[in-house]
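Source file: coords.csv (CSV, C-alpha atoms and all ligand atoms)
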```
chain,number,residue,atom,x,y,z
A,1,MET,CA,185.2,135.8,286.2
A,2,SER,CA,184.2,135.6,289.9
A,3,SER,CA,180.8,134.3,291.0
A,4,THR,CA,178.7,135.2,294.1
A,5,LEU,CA,177.3,131.7,294.0
A,6,PRO,CA,179.2,128.7,295.4
A,7,VAL,CA,180.4,125.9,293.2
A,8,PRO,CA,177.3,123.9,292.0
A,9,VAL,CA,176.5,120.7,293.9
A,10,ARG,CA,176.3,117.5,291.7
A,11,PRO,CA,176.6,113.8,292.5
A,12,PRO,CA,180.4,113.2,292.8
A,13,LEU,CA,180.4,109.9,290.8
A,14,PRO,CA,181.6,109.5,287.3
A,15,HIS,CA,178.2,108.8,285.9
A,16,ALA,CA,177.3,112.4,286.8
A,17,LEU,CA,179.7,113.4,284.0
A,18,SER,CA,177.0,112.2,281.5
A,19,GLY,CA,176.1,115.1,279.2
A,20,THR,CA,179.3,117.1,280.1
A,21,THR,CA,182.0,117.9,277.6
A,22,ALA,CA,185.6,117.1,278.2
A,23,VAL,CA,188.6,118.2,276.2
A,24,LEU,CA,191.5,115.7,276.4
A,25,ILE,CA,194.8,117.4,275.3
A,26,GLY,CA,196.9,114.3,274.5
A,27,GLY,CA,193.8,112.2,273.9
A,28,SER,CA,195.1,110.1,271.0
A,29,SER,CA,197.1,107.6,273.1
A,30,GLY,CA,197.7,106.1,276.5
A,31,ILE,CA,196.1,107.7,279.6
A,32,GLY,CA,194.3,110.5,277.6
A,33,LEU,CA,192.8,108.0,275.2
A,34,ALA,CA,191.7,105.7,278.1
A,35,ALA,CA,190.0,108.8,279.7
A,36,GLY,CA,188.2,109.4,276.4
A,37,VAL,CA,186.9,105.8,276.3
A,38,LEU,CA,185.8,106.0,280.0
A,39,LEU,CA,184.2,109.4,279.6
A,40,ARG,CA,182.3,108.4,276.5
A,41,SER,CA,181.1,105.2,278.2
A,42,VAL,CA,179.4,107.3,280.9
A,43,GLY,CA,177.8,109.5,278.3
A,44,ALA,CA,180.1,112.5,278.1
A,45,ARG,CA,181.0,114.4,274.9
A,46,VAL,CA,184.7,114.0,274.2
A,47,VAL,CA,187.1,116.2,272.3
A,48,LEU,CA,190.5,114.6,271.6
A,49,VAL,CA,193.6,116.7,270.7
A,50,GLY,CA,196.8,115.3,269.4
A,51,ARG,CA,199.4,116.1,266.7
A,52,ASP,CA,199.6,112.9,264.6
A,53,ARG,CA,196.4,112.9,262.5
A,54,ASP,CA,196.3,109.2,261.8
A,55,ARG,CA,196.7,108.3,265.5
A,56,LEU,CA,194.1,110.9,266.3
A,57,GLN,CA,191.6,109.5,263.8
A,58,ALA,CA,192.2,106.0,265.1
A,59,ALA,CA,191.5,107.3,268.7
A,60,VAL,CA,188.3,109.0,267.6
A,61,SER,CA,187.1,105.7,266.2
A,62,GLN,CA,188.0,103.8,269.3
A,63,VAL,CA,186.3,106.3,271.6
A,64,ARG,CA,183.2,106.2,269.4
A,65,ARG,CA,183.0,102.5,269.9
A,66,ALA,CA,182.6,103.2,273.6
A,67,SER,CA,179.4,105.3,273.0
A,68,PRO,CA,176.4,104.3,275.0
A,69,ALA,CA,173.8,102.5,272.8
A,70,GLY,CA,171.8,105.0,270.7
A,71,ASP,CA,174.2,107.9,271.1
A,72,THR,CA,175.4,109.7,268.0
A,73,ASP,CA,178.9,109.9,266.6
A,74,ASP,CA,178.9,113.7,266.9
A,75,ALA,CA,179.7,113.2,270.6
A,76,VAL,CA,183.3,112.5,269.8
A,77,LEU,CA,185.5,115.1,268.0
A,78,GLY,CA,189.2,115.0,267.1
A,79,VAL,CA,191.1,118.3,266.6
A,80,PRO,CA,194.6,117.9,265.3
A,81,GLY,CA,197.3,120.2,266.6
A,82,ASP,CA,199.8,121.1,269.2
A,83,GLY,CA,198.2,121.4,272.6
A,84,GLY,CA,200.7,124.1,273.6
A,85,ASP,CA,199.6,126.3,270.7
A,86,GLU,CA,197.1,129.0,271.8
A,87,ARG,CA,195.6,129.0,268.2
A,88,THR,CA,195.0,125.3,268.3
A,89,LEU,CA,193.4,125.6,271.7
A,90,ALA,CA,191.1,128.5,270.5
A,91,GLU,CA,190.0,126.2,267.6
A,92,VAL,CA,189.4,123.3,270.1
A,93,PHE,CA,187.2,125.4,272.3
A,94,ASP,CA,185.4,127.0,269.4
A,95,ARG,CA,184.6,123.7,267.8
A,96,ALA,CA,183.7,122.0,271.2
A,97,GLY,CA,181.1,124.6,272.2
A,98,GLN,CA,180.6,124.6,276.0
A,99,VAL,CA,183.4,122.8,277.8
A,100,ASP,CA,183.2,121.5,281.3
A,101,HIS,CA,186.5,119.6,281.8
A,102,VAL,CA,190.0,119.7,280.5
A,103,PHE,CA,192.5,116.9,281.1
A,104,VAL,CA,196.1,117.5,279.9
A,105,THR,CA,198.2,114.4,279.2
A,106,ALA,CA,200.2,115.8,276.3
A,107,GLY,CA,203.8,115.3,276.8
A,108,GLY,CA,206.7,112.9,276.5
A,109,LEU,CA,210.3,113.0,277.7
A,110,SER,CA,212.4,115.9,276.5
A,111,GLY,CA,215.5,117.6,278.0
A,112,VAL,CA,216.8,114.3,279.4
A,113,GLY,CA,220.5,114.1,280.3
A,114,PRO,CA,223.0,115.2,282.9
A,115,VAL,CA,222.7,118.8,283.8
A,116,THR,CA,226.2,119.6,282.6
A,117,GLY,CA,225.3,118.1,279.2
A,118,LEU,CA,222.2,120.2,278.7
A,119,SER,CA,222.5,123.4,276.8
A,120,ALA,CA,220.6,126.5,277.9
A,121,GLY,CA,218.6,126.0,274.8
A,122,ASP,CA,217.7,122.4,275.7
A,123,ILE,CA,216.5,123.6,279.1
A,124,ARG,CA,214.5,126.5,277.8
A,125,ALA,CA,212.9,124.3,275.1
A,126,THR,CA,211.8,121.8,277.8
A,127,PHE,CA,210.3,124.5,279.9
A,128,ASP,CA,208.7,126.3,276.9
A,129,SER,CA,207.1,123.1,275.5
A,130,ARG,CA,205.9,121.5,278.8
A,131,LEU,CA,205.3,124.4,281.2
A,132,GLY,CA,204.2,126.6,278.3
A,133,ALA,CA,201.7,124.0,277.3
A,134,ALA,CA,200.3,123.8,280.8
A,135,PHE,CA,199.9,127.6,281.0
A,136,ALA,CA,198.3,127.7,277.5
A,137,ALA,CA,195.8,125.1,278.7
A,138,ALA,CA,195.1,127.1,281.8
A,139,ARG,CA,194.6,130.4,280.0
A,140,ALA,CA,192.2,128.7,277.6
A,141,ALA,CA,190.3,126.9,280.3
A,142,ALA,CA,190.1,129.9,282.7
A,143,THR,CA,188.1,131.9,280.2
A,144,ARG,CA,186.1,129.1,278.6
A,145,LEU,CA,185.1,126.6,281.3
A,146,SER,CA,181.7,126.8,282.9
A,147,PRO,CA,181.3,127.1,286.8
A,148,GLY,CA,182.0,123.7,288.4
A,149,GLY,CA,184.4,122.9,285.5
A,150,SER,CA,187.8,121.5,286.1
A,151,LEU,CA,191.3,121.4,284.7
A,152,THR,CA,193.5,118.3,285.5
A,153,PHE,CA,197.2,118.2,284.8
A,154,SER,CA,199.5,115.2,284.7
A,155,SER,CA,202.7,114.7,286.7
A,156,GLY,CA,204.8,111.7,287.7
A,157,ILE,CA,206.2,110.1,290.8
A,158,LEU,CA,209.8,110.9,289.7
A,159,VAL,CA,209.1,114.3,291.1
A,160,VAL,CA,209.5,112.8,294.6
A,161,ARG,CA,211.8,109.9,293.5
A,162,PRO,CA,214.1,111.7,291.1
A,163,LEU,CA,216.5,109.8,288.9
A,164,PRO,CA,219.8,111.2,287.5
A,165,GLY,CA,219.6,112.9,284.2
A,166,MET,CA,216.0,114.1,284.7
A,167,SER,CA,216.6,117.5,286.2
A,168,ALA,CA,214.9,119.4,283.3
A,169,PRO,CA,211.7,117.3,282.9
A,170,LEU,CA,211.3,116.9,286.6
A,171,SER,CA,211.6,120.6,287.3
A,172,VAL,CA,208.8,121.1,284.8
A,173,ALA,CA,206.7,118.4,286.4
A,174,GLY,CA,207.3,120.0,289.8
A,175,ALA,CA,206.3,123.4,288.4
A,176,VAL,CA,203.1,121.9,287.0
A,177,GLU,CA,202.2,120.6,290.5
A,178,THR,CA,202.9,124.1,292.0
A,179,LEU,CA,200.9,125.7,289.1
A,180,THR,CA,198.0,123.4,290.0
A,181,LYS,CA,197.8,124.8,293.5
A,182,ALA,CA,198.3,128.4,292.4
A,183,LEU,CA,195.6,128.2,289.8
A,184,ALA,CA,193.2,126.4,292.2
A,185,VAL,CA,193.3,129.5,294.4
A,186,GLU,CA,193.2,131.9,291.6
A,187,LEU,CA,190.3,130.3,289.7
A,188,ALA,CA,188.2,129.3,292.7
A,189,PRO,CA,186.3,132.6,292.6
A,190,ALA,CA,185.2,131.6,289.0
A,191,ARG,CA,184.1,128.2,290.6
A,192,LEU,CA,186.7,126.3,288.5
A,193,ARG,CA,188.8,123.6,290.0
A,194,VAL,CA,192.4,122.6,289.2
A,195,ASN,CA,194.0,119.3,290.2
A,196,ALA,CA,196.8,117.0,289.0
A,197,VAL,CA,197.5,113.3,289.0
A,198,ARG,CA,201.0,112.1,289.8
A,199,PHE,CA,201.4,108.8,287.9
A,200,GLY,CA,203.6,105.9,288.7
A,201,GLN,CA,204.5,103.5,285.8
A,202,ILE,CA,201.5,103.1,283.6
A,203,ASP,CA,201.4,100.7,280.7
A,204,THR,CA,201.1,103.0,277.7
A,205,PRO,CA,202.9,103.5,274.4
A,206,LEU,CA,205.0,106.1,276.2
A,207,LEU,CA,206.2,103.7,278.8
A,208,ARG,CA,206.8,100.9,276.3
A,209,SER,CA,208.9,103.4,274.2
A,210,ARG,CA,211.5,103.4,277.0
A,211,SER,CA,214.5,101.1,276.6
A,212,GLY,CA,214.0,97.8,278.3
A,213,LEU,CA,210.3,98.2,278.7
A,214,ASP,CA,209.2,97.3,275.1
A,215,SER,CA,207.8,93.8,275.8
A,216,ASP,CA,205.1,92.2,278.0
A,217,ASP,CA,207.8,90.3,279.9
A,218,ALA,CA,209.8,93.5,280.6
A,219,ILE,CA,206.6,95.2,281.8
A,220,ALA,CA,205.7,92.3,284.1
A,221,ALA,CA,209.3,92.3,285.5
A,222,ALA,CA,209.1,96.1,286.2
A,223,GLY,CA,205.8,95.6,287.8
A,224,SER,CA,207.0,92.9,290.2
A,225,THR,CA,209.0,95.5,292.1
A,226,VAL,CA,205.8,97.7,292.8
A,227,PRO,CA,204.1,96.9,296.1
A,228,LEU,CA,200.8,95.9,294.3
A,229,GLY,CA,202.8,93.6,292.0
A,230,ARG,CA,202.3,95.1,288.6
A,231,ILE,CA,202.4,98.2,286.4
A,232,GLY,CA,199.1,100.2,286.3
A,233,THR,CA,196.8,100.2,283.3
A,234,ALA,CA,195.9,103.3,281.3
A,235,GLU,CA,192.3,102.8,282.4
A,236,GLU,CA,193.2,102.8,286.1
A,237,ALA,CA,195.2,106.0,285.6
A,238,ALA,CA,192.5,107.7,283.6
A,239,ALA,CA,189.8,106.8,286.2
A,240,SER,CA,191.6,109.1,288.6
A,241,ALA,CA,191.1,112.0,286.3
A,242,LEU,CA,187.3,111.2,286.0
A,243,PHE,CA,187.1,111.1,289.8
A,244,LEU,CA,188.7,114.6,290.0
A,245,MET,CA,186.4,115.9,287.2
A,246,ALA,CA,183.3,114.5,288.9
A,247,ASN,CA,183.9,115.7,292.4
A,248,ASN,CA,183.0,119.4,292.7
A,249,TYR,CA,184.5,119.8,296.1
A,250,ILE,CA,188.1,118.9,295.3
A,251,THR,CA,190.6,121.5,294.1
A,252,GLY,CA,194.3,122.2,294.4
A,253,GLN,CA,195.1,118.5,295.0
A,254,VAL,CA,197.8,116.2,293.5
A,255,ILE,CA,196.7,112.6,293.8
A,256,THR,CA,199.1,109.7,293.3
A,257,VAL,CA,198.2,106.6,291.3
A,258,ASP,CA,201.3,104.4,291.5
A,259,GLY,CA,200.4,101.0,293.0
A,260,GLY,CA,202.2,102.0,296.2
A,261,ALA,CA,205.6,102.6,294.4
A,262,THR,CA,206.4,105.8,296.4
A,263,LEU,CA,205.7,104.0,299.7
A,264,THR,CA,208.8,101.8,299.5
B,301,LIG,N1,202.9,106.3,281.3
B,301,LIG,C1,203.6,106.5,282.4
B,301,LIG,O1,204.2,105.6,283.0
B,301,LIG,C2,203.7,107.9,283.0
B,301,LIG,C3,204.3,108.1,284.2
B,301,LIG,C4,204.4,109.3,284.7
B,301,LIG,C5,203.9,110.4,284.1
B,301,LIG,N2,203.3,110.2,282.8
B,301,LIG,C6,202.7,111.4,282.2
B,301,LIG,O2,201.4,111.2,281.8
B,301,LIG,C7,201.1,111.8,280.6
B,301,LIG,C8,200.4,110.9,279.6
B,301,LIG,O3,201.4,109.8,279.4
B,301,LIG,P1,201.0,108.6,278.5
B,301,LIG,O4,201.8,107.5,279.0
B,301,LIG,O5,199.6,108.4,278.3
B,301,LIG,O6,201.7,109.1,277.1
B,301,LIG,P2,201.4,108.6,275.5
B,301,LIG,O7,200.8,107.3,275.4
B,301,LIG,O8,202.7,108.9,274.8
B,301,LIG,O9,200.3,109.7,275.1
B,301,LIG,C9,200.6,111.1,275.0
B,301,LIG,C10,199.6,111.7,274.1
B,301,LIG,O10,199.9,113.1,274.1
B,301,LIG,C11,199.9,113.6,272.7
B,301,LIG,N3,200.8,114.7,272.7
B,301,LIG,C12,202.1,114.7,273.0
B,301,LIG,N4,202.6,116.0,272.9
B,301,LIG,C13,201.5,116.7,272.4
B,301,LIG,C14,201.4,118.1,272.1
B,301,LIG,N5,202.4,118.9,272.1
B,301,LIG,N6,200.2,118.5,271.7
B,301,LIG,C15,199.1,117.7,271.6
B,301,LIG,N7,199.2,116.4,271.9
B,301,LIG,C16,200.4,115.9,272.3
B,301,LIG,C17,200.4,112.3,272.0
B,301,LIG,O11,200.0,112.4,270.6
B,301,LIG,P3,200.9,113.1,269.5
B,301,LIG,O12,202.3,112.7,269.8
B,301,LIG,O13,200.4,112.6,268.2
B,301,LIG,O14,200.7,114.6,269.6
B,301,LIG,C18,199.6,111.3,272.7
B,301,LIG,O15,198.2,111.3,272.3
B,301,LIG,C19,202.4,112.5,280.1
B,301,LIG,O16,202.4,113.8,280.5
B,301,LIG,C20,203.4,111.7,280.8
B,301,LIG,O17,204.6,112.4,281.0
B,301,LIG,C21,203.2,109.0,282.3
```
Could the structure of this file be written out as structure tokens, please?
Ligand SMILES: NC(=O)c1ccc[n+]([C@@H]2O[C@H](COP(=O)([O-])OP(=O)(O)OC[C@H]3O[C@@H](n4cnc5c(N)ncnc54)[C@H](OP(=O)(O)O)[C@@H]3O)[C@@H](O)[C@H]2O)c1
Amino acid sequence: MSSTLPVPVRPPLPHALSGTTAVLIGGSSGIGLAAGVLLRSVGARVVLVGRDRDRLQAAVSQVRRASPAGDTDDAVLGVPGDGGDERTLAEVFDRAGQVDHVFVTAGGLSGVGPVTGLSAGDIRATFDSRLGAAFAAARAAATRLSPGGSLTFSSGILVVRPLPGMSAPLSVAGAVETLTKALAVELAPARLRVNAVRFGQIDTPLLRSRSGLDSDDAIAAAGSTVPLGRIGTAEEAAASALFLMANNYITGQVITVDGGATLT
């Protein structure tokens, strides 16, 4: 898997992603779906992965509507399944053909609660599902991406601003950030790049599913405490992943998109 050639040079702007193929694991909602729309609008082929078939189909239709004029519908594919399942990932890569970029946004909150209230099984299940899924994506990407390709993981600012009751999910998120750096070194000889985005509060179905954040007023109130005065949009969050995909000279980095929340 190593190369004697350096990583290819290409223009580091999102429009250079035109003609590439991106797999979005967790692409049927929120940040992953917004990434699909942005990628398609710059002419990339997009493969969306999610478990709920109806939600996935609706997302495929939404991303197709972002296609540049004259492009075909074949440029957007939905593959239903669990992104942590190696057989699902094998099917995704088989159906996608050549893949250049993978963005992992699959996830939600599990294993929440005070450490004394968590069973060993709860903790193991959180690690198995979230960290196991990151490793599964990495194992698939490492063997299937082309040189200059990238893998981008998701994390969150609670890693550096922890809240009580979040020990299990935040341990996983921290491990994903460490995995990002470890894989960046390990996969650099194959000219593959690995990065992560640490998100602040982003207006998605996941955020709105949290108690007290299920209305526009509540989202606006939560945003008023952020230095930039509001919650981020899914598009703003997704654009950071496109930046990392497009720039062939960035690897092993965790970039923060949080409206300045971690500065205060
Ligand atoms: N929004 C925020 O404020 C925020 C802040 C910090 C970090 N994050 C992180 O950013 C990532 C994206 O969040 P989001 O807000 O965009 O969430 P979201 O709107 O809930 O979208 C998550 C997507 O992942 C899919 N998914 C979940 N588990 C999956 C699995 N095992 N296999 C395949 N697909 C799966 C979901 O579809 P199905 O359920 O149908 O599979 C959905 O399409 C998450 O990792 C989240 O923890 C978000």
If the limit is 6 Å from any atom of ligand LIG 301 (chain B), counting all atoms listed in the file, which residues qualify? Return them as a VMD selection string. chain A and resid 25 to 32 49 to 52 81 to 84 105 to 108 154 to 156 199 to 207
Return the single residue from A:Thr264, A:Thr4, A:Thr178, A:Thr143 that is closest to Ala90 in chain A, with distances computed using only C-alpha atoms. A:Thr143
Atomic distance CA of Ala140 in chain A - CA of Asp85 in chain A, expressed in Å with one decimal: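 Distance reported for this atom pair: 10.4 Å.
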If we count all atoms listed in the file, what is near Leu118 in chain A at a cut-off of 9 Å, once residues fewer than 6 positions away on the same chain are taken out, given as a list in words? Gly111, Val112 and Ala168 of chain A
List the neighbours of range 5-21 of chain A out to 7 Å using all atoms listed in the file; skip same-chain residues closer than 4 positions along the sequence, and give me the result as a ChimeraX atom specification. /A:42-46,99-101,147-148,191,242-243,246-248
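Here the question is which of A:Val37, A:Val257, A:Ala22, A:Ala237 gets nearest to Ala141 in chain A using all atoms listed in the file, and that residue is A:Ala22.
The list of residues with at least one atom within 10 Å of Ser110 in chain A, based on all atoms listed in the file and without residues fewer than 6 positions apart in the same chain, reads Asp122, Ile123, Ala125, Thr126, Phe127, Ser129, Arg130, Met166, Ala168 and Pro169 of chain A.
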I want to know what sits within 12 Å of range 162-164 of chain A, based on all atoms listed in the file, with residues of the same chain fewer than 2 positions away left out; could you give that as a count of residues only? 19
To one decimal in Å, tell me the separation between CA of Thr256 in chain A and CA of Ser41 in chain A.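 CA of Ser41 in chain A lies 23.9 Å from CA of Thr256 in chain A.
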Kindly give the distance, in Å, that separates CA of Leu24 in chain A and CA of Arg95 in chain A, rounded to a single decimal.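 According to the coordinates, CA of Leu24 in chain A and CA of Arg95 in chain A are separated by 13.6 Å.
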Residues within 9 Å of (190.5, 117.6, 282.8), file coords, all atoms listed in the file, listed as a ChimeraX atom specification: /A:22-25,100-104,149-153,194-196,241-242,244-245
C-alpha atoms of range 158-217 of chain A, written as an mmCIF file, in the first residue's frame:
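In the end it all went to out02.cif:
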```
data_model
loop_
_atom_site.group_PDB
_atom_site.id
_atom_site.type_symbol
_atom_site.label_atom_id
_atom_site.label_comp_id
_atom_site.auth_asym_id
_atom_site.auth_seq_id
_atom_site.Cartn_x
_atom_site.Cartn_y
_atom_site.Cartn_z
ATOM 1 C CA LEU A 158 -17.523 18.277 24.521
ATOM 2 C CA VAL A 159 -14.221 16.381 24.208
ATOM 3 C CA VAL A 160 -12.553 19.528 25.539
ATOM 4 C CA ARG A 161 -15.571 20.867 27.473
ATOM 5 C CA PRO A 162 -16.958 17.729 29.074
ATOM 6 C CA LEU A 163 -20.349 17.573 30.755
ATOM 7 C CA PRO A 164 -21.283 15.174 33.562
ATOM 8 C CA GLY A 165 -22.844 11.925 32.407
ATOM 9 C CA MET A 166 -20.929 11.851 29.133
ATOM 10 C CA SER A 167 -17.888 9.777 30.095
ATOM 11 C CA ALA A 168 -18.559 6.912 27.670
ATOM 12 C CA PRO A 169 -19.464 8.861 24.508
ATOM 13 C CA LEU A 170 -16.731 11.437 25.125
ATOM 14 C CA SER A 171 -14.115 8.732 25.671
ATOM 15 C CA VAL A 172 -15.088 7.346 22.295
ATOM 16 C CA ALA A 173 -14.925 10.775 20.646
ATOM 17 C CA GLY A 174 -11.493 11.369 22.172
ATOM 18 C CA ALA A 175 -10.358 7.983 20.923
ATOM 19 C CA VAL A 176 -11.595 8.851 17.423
ATOM 20 C CA GLU A 177 -9.456 12.012 17.503
ATOM 21 C CA THR A 178 -6.425 9.970 18.539
ATOM 22 C CA LEU A 179 -7.238 7.376 15.886
ATOM 23 C CA THR A 180 -7.253 10.216 13.342
ATOM 24 C CA LYS A 181 -3.634 11.066 14.113
ATOM 25 C CA ALA A 182 -2.491 7.456 14.359
ATOM 26 C CA LEU A 183 -4.020 6.603 10.993
ATOM 27 C CA ALA A 184 -2.684 9.770 9.381
ATOM 28 C CA VAL A 185 0.835 8.521 10.085
ATOM 29 C CA GLU A 186 0.075 4.921 9.199
ATOM 30 C CA LEU A 187 -1.698 5.678 5.920
ATOM 31 C CA ALA A 188 0.535 8.505 4.694
ATOM 32 C CA PRO A 189 2.805 6.049 2.819
ATOM 33 C CA ALA A 190 -0.284 5.060 0.792
ATOM 34 C CA ARG A 191 -0.815 8.807 0.196
ATOM 35 C CA LEU A 192 -4.101 8.747 2.088
ATOM 36 C CA ARG A 193 -5.065 11.517 4.489
ATOM 37 C CA VAL A 194 -7.031 11.242 7.714
ATOM 38 C CA ASN A 195 -8.597 14.201 9.528
ATOM 39 C CA ALA A 196 -11.479 14.967 11.870
ATOM 40 C CA VAL A 197 -13.874 17.828 12.488
ATOM 41 C CA ARG A 198 -14.779 18.732 16.048
ATOM 42 C CA PHE A 199 -18.258 20.212 15.880
ATOM 43 C CA GLY A 200 -19.880 22.647 18.267
ATOM 44 C CA GLN A 201 -23.657 22.815 18.347
ATOM 45 C CA ILE A 202 -24.939 22.383 14.806
ATOM 46 C CA ASP A 203 -28.620 22.672 13.866
ATOM 47 C CA THR A 204 -29.499 19.136 12.785
ATOM 48 C CA PRO A 205 -32.184 16.586 13.650
ATOM 49 C CA LEU A 206 -29.728 15.137 16.186
ATOM 50 C CA LEU A 207 -29.385 18.450 18.046
ATOM 51 C CA ARG A 208 -33.139 19.097 17.883
ATOM 52 C CA SER A 209 -33.793 15.645 19.360
ATOM 53 C CA ARG A 210 -32.156 16.812 22.601
ATOM 54 C CA SER A 211 -34.510 17.900 25.315
ATOM 55 C CA GLY A 212 -35.063 21.660 25.380
ATOM 56 C CA LEU A 213 -33.707 22.168 21.858
ATOM 57 C CA ASP A 214 -36.716 21.077 19.830
ATOM 58 C CA SER A 215 -37.953 24.501 18.650
ATOM 59 C CA ASP A 216 -36.574 27.452 16.688
ATOM 60 C CA ASP A 217 -36.832 29.629 19.803
#
```
